[in-house]
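Colleague: One file is attached below, data14.pdb, containing PDB, C-alpha atoms, pLDDT in the B column.
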ATOM      1  CA  GLN A   1      -4.570   4.019 -19.307  1.00 82.00           C
ATOM      2  CA  VAL A   2      -3.132   2.525 -16.127  1.00 90.00           C
ATOM      3  CA  GLN A   3      -5.266   0.617 -13.661  1.00 94.00           C
ATOM      4  CA  LEU A   4      -4.345  -0.380 -10.138  1.00 96.00           C
ATOM      5  CA  VAL A   5      -6.354  -3.079  -8.418  1.00 95.00           C
ATOM      6  CA  GLU A   6      -5.884  -3.699  -4.710  1.00 96.00           C
ATOM      7  CA  SER A   7      -6.900  -6.850  -2.891  1.00 96.00           C
ATOM      8  CA  GLY A   8      -6.397  -8.560   0.442  1.00 97.00           C
ATOM      9  CA  GLY A   9      -8.224  -6.266   2.831  1.00 97.00           C
ATOM     10  CA  GLY A  10     -10.669  -7.493   5.425  1.00 97.00           C
ATOM     11  CA  LEU A  11     -11.463  -7.855   9.090  1.00 98.00           C
ATOM     12  CA  VAL A  12      -8.739  -9.110  11.406  1.00 98.00           C
ATOM     13  CA  GLN A  13      -8.292  -9.258  15.162  1.00 98.00           C
ATOM     14  CA  PRO A  14      -5.619  -7.210  16.905  1.00 98.00           C
ATOM     15  CA  GLY A  15      -2.278  -8.945  16.605  1.00 98.00           C
ATOM     16  CA  GLY A  16      -3.280 -10.617  13.367  1.00 98.00           C
ATOM     17  CA  SER A  17      -1.855 -10.364   9.868  1.00 98.00           C
ATOM     18  CA  LEU A  18      -3.006  -9.444   6.389  1.00 98.00           C
ATOM     19  CA  ARG A  19      -1.281  -9.266   3.033  1.00 98.00           C
ATOM     20  CA  LEU A  20      -2.350  -6.631   0.547  1.00 98.00           C
ATOM     21  CA  SER A  21      -1.641  -6.859  -3.160  1.00 98.00           C
ATOM     22  CA  CYS A  22      -1.777  -4.231  -5.874  1.00 97.00           C
ATOM     23  CA  ALA A  23      -1.524  -5.186  -9.514  1.00 96.00           C
ATOM     24  CA  ALA A  24      -0.862  -2.560 -12.168  1.00 93.00           C
ATOM     25  CA  SER A  25      -2.068  -3.036 -15.717  1.00 90.00           C
ATOM     26  CA  GLY A  26      -2.255  -0.986 -18.879  1.00 88.00           C
ATOM     27  CA  THR A  27       0.303   1.047 -20.748  1.00 81.00           C
ATOM     28  CA  ILE A  28       2.932   2.028 -18.206  1.00 78.00           C
ATOM     29  CA  SER A  29       5.870   4.179 -19.237  1.00 75.00           C
ATOM     30  CA  GLY A  30       8.135   2.638 -16.670  1.00 78.00           C
ATOM     31  CA  ILE A  31       7.534   2.496 -12.943  1.00 77.00           C
ATOM     32  CA  ASN A  32       9.410   4.837 -10.684  1.00 82.00           C
ATOM     33  CA  VAL A  33       7.717   4.236  -7.358  1.00 94.00           C
ATOM     34  CA  MET A  34       5.005   1.988  -6.023  1.00 95.00           C
ATOM     35  CA  GLY A  35       3.602   2.334  -2.579  1.00 96.00           C
ATOM     36  CA  TRP A  36       0.798   2.161  -0.080  1.00 98.00           C
ATOM     37  CA  TYR A  37      -1.097   4.956   1.612  1.00 98.00           C
ATOM     38  CA  ARG A  38      -3.979   4.791   4.048  1.00 98.00           C
ATOM     39  CA  GLN A  39      -6.820   6.997   5.144  1.00 98.00           C
ATOM     40  CA  ALA A  40      -8.771   6.498   8.326  1.00 96.00           C
ATOM     41  CA  PRO A  41     -12.209   8.082   8.813  1.00 91.00           C
ATOM     42  CA  GLY A  42     -11.877  11.783   9.512  1.00 94.00           C
ATOM     43  CA  LYS A  43      -8.148  11.797   8.873  1.00 96.00           C
ATOM     44  CA  GLN A  44      -5.879  12.766   6.017  1.00 97.00           C
ATOM     45  CA  ARG A  45      -4.361  10.206   3.707  1.00 97.00           C
ATOM     46  CA  GLU A  46      -0.906   9.230   4.928  1.00 98.00           C
ATOM     47  CA  LEU A  47       2.063   7.350   3.588  1.00 98.00           C
ATOM     48  CA  VAL A  48       2.485   3.782   4.824  1.00 98.00           C
ATOM     49  CA  ALA A  49       5.357   2.461   2.717  1.00 98.00           C
ATOM     50  CA  THR A  50       6.973   3.027  -0.654  1.00 97.00           C
ATOM     51  CA  ILE A  51       9.469   1.125  -2.770  1.00 96.00           C
ATOM     52  CA  PHE A  52      11.491   2.806  -5.481  1.00 92.00           C
ATOM     53  CA  SER A  53      12.647   1.219  -8.703  1.00 86.00           C
ATOM     54  CA  GLY A  54      16.210   1.112  -7.399  1.00 86.00           C
ATOM     55  CA  GLY A  55      15.102  -0.804  -4.322  1.00 87.00           C
ATOM     56  CA  LEU A  56      15.002   2.008  -1.763  1.00 95.00           C
ATOM     57  CA  ILE A  57      12.234   1.455   0.759  1.00 97.00           C
ATOM     58  CA  LYS A  58      10.627   3.912   3.154  1.00 97.00           C
ATOM     59  CA  TYR A  59       8.164   3.231   5.954  1.00 98.00           C
ATOM     60  CA  ALA A  60       6.047   5.410   8.167  1.00 98.00           C
ATOM     61  CA  ASP A  61       7.362   5.317  11.721  1.00 98.00           C
ATOM     62  CA  SER A  62       4.069   3.901  12.922  1.00 97.00           C
ATOM     63  CA  VAL A  63       4.477   0.705  10.886  1.00 98.00           C
ATOM     64  CA  LYS A  64       8.233   0.093  11.044  1.00 98.00           C
ATOM     65  CA  GLY A  65       9.005  -3.412  12.220  1.00 98.00           C
ATOM     66  CA  ARG A  66       5.442  -4.587  11.600  1.00 98.00           C
ATOM     67  CA  PHE A  67       4.819  -4.002   7.889  1.00 98.00           C
ATOM     68  CA  THR A  68       6.920  -5.121   4.936  1.00 98.00           C
ATOM     69  CA  ILE A  69       6.587  -3.804   1.390  1.00 98.00           C
ATOM     70  CA  SER A  70       7.806  -5.829  -1.550  1.00 96.00           C
ATOM     71  CA  ARG A  71       7.536  -5.701  -5.304  1.00 93.00           C
ATOM     72  CA  ASP A  72       7.406  -8.149  -8.200  1.00 92.00           C
ATOM     73  CA  ASN A  73       8.616  -6.162 -11.199  1.00 87.00           C
ATOM     74  CA  ALA A  74       7.743  -8.910 -13.661  1.00 88.00           C
ATOM     75  CA  LYS A  75       4.122  -8.779 -12.534  1.00 91.00           C
ATOM     76  CA  ASN A  76       3.963  -5.005 -11.908  1.00 90.00           C
ATOM     77  CA  THR A  77       2.667  -5.892  -8.467  1.00 93.00           C
ATOM     78  CA  VAL A  78       3.412  -4.484  -5.038  1.00 96.00           C
ATOM     79  CA  TYR A  79       2.619  -6.214  -1.764  1.00 98.00           C
ATOM     80  CA  LEU A  80       2.201  -5.086   1.812  1.00 98.00           C
ATOM     81  CA  GLN A  81       2.618  -7.715   4.504  1.00 98.00           C
ATOM     82  CA  MET A  82       1.046  -6.394   7.680  1.00 98.00           C
ATOM     83  CA  ASN A  83       1.793  -8.148  10.970  1.00 98.00           C
ATOM     84  CA  SER A  84       0.949  -7.352  14.583  1.00 98.00           C
ATOM     85  CA  LEU A  85      -1.998  -5.293  13.433  1.00 98.00           C
ATOM     86  CA  LYS A  86      -3.462  -2.732  15.807  1.00 98.00           C
ATOM     87  CA  PRO A  87      -6.900  -1.097  15.882  1.00 97.00           C
ATOM     88  CA  GLU A  88      -5.254   2.159  14.816  1.00 97.00           C
ATOM     89  CA  ASP A  89      -4.223   0.482  11.553  1.00 98.00           C
ATOM     90  CA  THR A  90      -7.882   0.442  10.550  1.00 98.00           C
ATOM     91  CA  ALA A  91      -8.231   2.430   7.325  1.00 98.00           C
ATOM     92  CA  ASN A  92      -8.768   2.292   3.615  1.00 98.00           C
ATOM     93  CA  TYR A  93      -5.463   1.326   2.064  1.00 98.00           C
ATOM     94  CA  TYR A  94      -4.622   2.778  -1.345  1.00 98.00           C
ATOM     95  CA  CYS A  95      -1.990   1.731  -3.842  1.00 97.00           C
ATOM     96  CA  LYS A  96      -0.058   4.429  -5.698  1.00 97.00           C
ATOM     97  CA  LEU A  97       2.167   4.174  -8.734  1.00 95.00           C
ATOM     98  CA  VAL A  98       4.394   6.943 -10.034  1.00 93.00           C
ATOM     99  CA  SER A  99       5.332   6.334 -13.646  1.00 89.00           C
ATOM    100  CA  GLY A 100       8.662   7.035 -15.227  1.00 86.00           C
ATOM    101  CA  SER A 101       7.124  10.169 -16.743  1.00 86.00           C
ATOM    102  CA  GLY A 102       6.076  11.406 -13.316  1.00 87.00           C
ATOM    103  CA  ILE A 103       2.352  10.684 -13.478  1.00 90.00           C
ATOM    104  CA  ASP A 104       0.588   9.503 -10.318  1.00 93.00           C
ATOM    105  CA  TYR A 105      -1.940   6.688 -10.472  1.00 94.00           C
ATOM    106  CA  TRP A 106      -4.130   5.540  -7.599  1.00 97.00           C
ATOM    107  CA  GLY A 107      -6.159   2.459  -6.895  1.00 97.00           C
ATOM    108  CA  LYS A 108      -9.667   2.568  -5.468  1.00 97.00           C
ATOM    109  CA  GLY A 109      -8.603   1.219  -2.110  1.00 97.00           C
ATOM    110  CA  THR A 110      -9.164  -1.807   0.059  1.00 97.00           C
ATOM    111  CA  LEU A 111     -10.580  -1.636   3.573  1.00 98.00           C
ATOM    112  CA  VAL A 112      -8.632  -3.023   6.512  1.00 98.00           C
ATOM    113  CA  THR A 113     -10.487  -3.291   9.798  1.00 98.00           C
ATOM    114  CA  VAL A 114      -8.657  -4.352  12.955  1.00 98.00           C
ATOM    115  CA  SER A 115     -11.133  -5.173  15.688  1.00 97.00           C
ATOM    116  CA  SER A 116     -11.964  -7.824  18.225  1.00 95.00           C
TER     117      SER A 116
END
If you convert what's in this file into structure tokens, what do you get?
Modeller:
Amino acid sequence: QVQLVESGGGLVQPGGSLRLSCAASGTISGINVMGWYRQAPGKQRELVATIFSGGLIKYADSVKGRFTISRDNAKNTVYLQMNSLKPEDTANYYCKLVSGSGIDYWGKGTLVTVSS
């Protein structure tokens, strides 16, 4: 069983920064992709950023230049550094892991609120 635990969410003013972490534990048959998604109230879940095992990184256009995804393979942990936060970044942020066998795992989410 694989568990993903996110942390680092909270309330921040516009223009501020937060760093999210997601630690994976359990029996993992290799990690293909780790990434972050978000879901704002009344909206569909959307991709924020992903990092593949080979190092390829993809970002949503809305966060390019502001967010940075990184990964510590030794710790099975993925991070999301979020700078220049905007009110429209407010959402529940979810961590996703795709195992080497193609199984998707999701965390329970961490809430990010950007407000003055």
Colleague: Quick one: residues within 12 Å of Val48 in chain A, only C-alpha atoms counted, chain neighbours fewer than 2 positions away excluded, as a count of residues only?
Modeller: 33
Colleague: Any chance you could resolve the PyMOL selection byres ((chain A and resi 33) around 12) against this file and give the residues as number ranges by chain?
Modeller: A: 24, 30-32, 34-36, 49-58, 69-71, 73, 76-78, 95-106
Colleague: Can you list, as a short mmCIF file (atom, residue, chain, number, x, y, z; two decimals) with C-alpha atoms, keeping the file's coordinate frame, every protein, DNA or RNA residue that comes within 10 Å of Gly26 in chain A when you count only C-alpha atoms, leaving out same-chain residues fewer than 5 positions away?
Modeller:
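Wrote it out as selection.cif, contents follow:
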data_model
loop_
_atom_site.label_atom_id
_atom_site.label_comp_id
_atom_site.auth_asym_id
_atom_site.auth_seq_id
_atom_site.Cartn_x
_atom_site.Cartn_y
_atom_site.Cartn_z
CA GLN A 1 -4.57 4.02 -19.31
CA VAL A 2 -3.13 2.52 -16.13
CA GLN A 3 -5.27 0.62 -13.66
CA LEU A 4 -4.34 -0.38 -10.14
#
Colleague: Please compute the CA of Ala74 in chain A-CA of Gly8 in chain A distance, one decimal, in Å.
Modeller: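 Result for CA of Ala74 in chain A versus CA of Gly8 in chain A: 20.0 Å, one decimal.
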Colleague: So the first atom is CA of Lys108 in chain A and the second is CA of Gln13 in chain A; what is the distance between them in Å, to one decimal place?
Modeller: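 One can read the CA of Lys108 in chain A to CA of Gln13 in chain A distance as 23.8 Å.
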Colleague: Hey, can you check how far CA of Gly42 in chain A sits from CA of Glu88 in chain A?
Modeller: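 Going from CA of Gly42 in chain A over to CA of Glu88 in chain A, I get 12.8 Å.
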Colleague: Might you spell out which residues the PyMOL selection byres ((chain A and resi 9) around 10) would select in the displayed file, as an MDAnalysis selection string?
Modeller: chainID A and resid 6:8 10:12 18:21 91:93 109:113
Colleague: To box range 45-58 of chain A, take all atoms listed in the file, fit an axis-aligned box, add 5 Å on each side, and give centre and edge lengths in Å to one decimal, as lines of an AutoDock Vina configuration file.
Modeller:
center_x = 5.9
center_y = 4.7
center_z = -1.9
size_x = 30.6
size_y = 21.0
size_z = 23.6
Colleague: Between A:Asn83, A:Ser29, A:Thr90, A:Gln44, which has the minimum distance to Ser116 in chain A (counting all atoms listed in the file)?
Modeller: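 So, comparing all the options, the nearest one is A:Thr90.
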Colleague: Which is closest to Leu85 in chain A among A:Pro14, A:Thr27, A:Gly107, A:Val5, if we use only C-alpha atoms?
Modeller: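 Counting only C-alpha atoms, the residue closest to Leu85 in chain A is A:Pro14.
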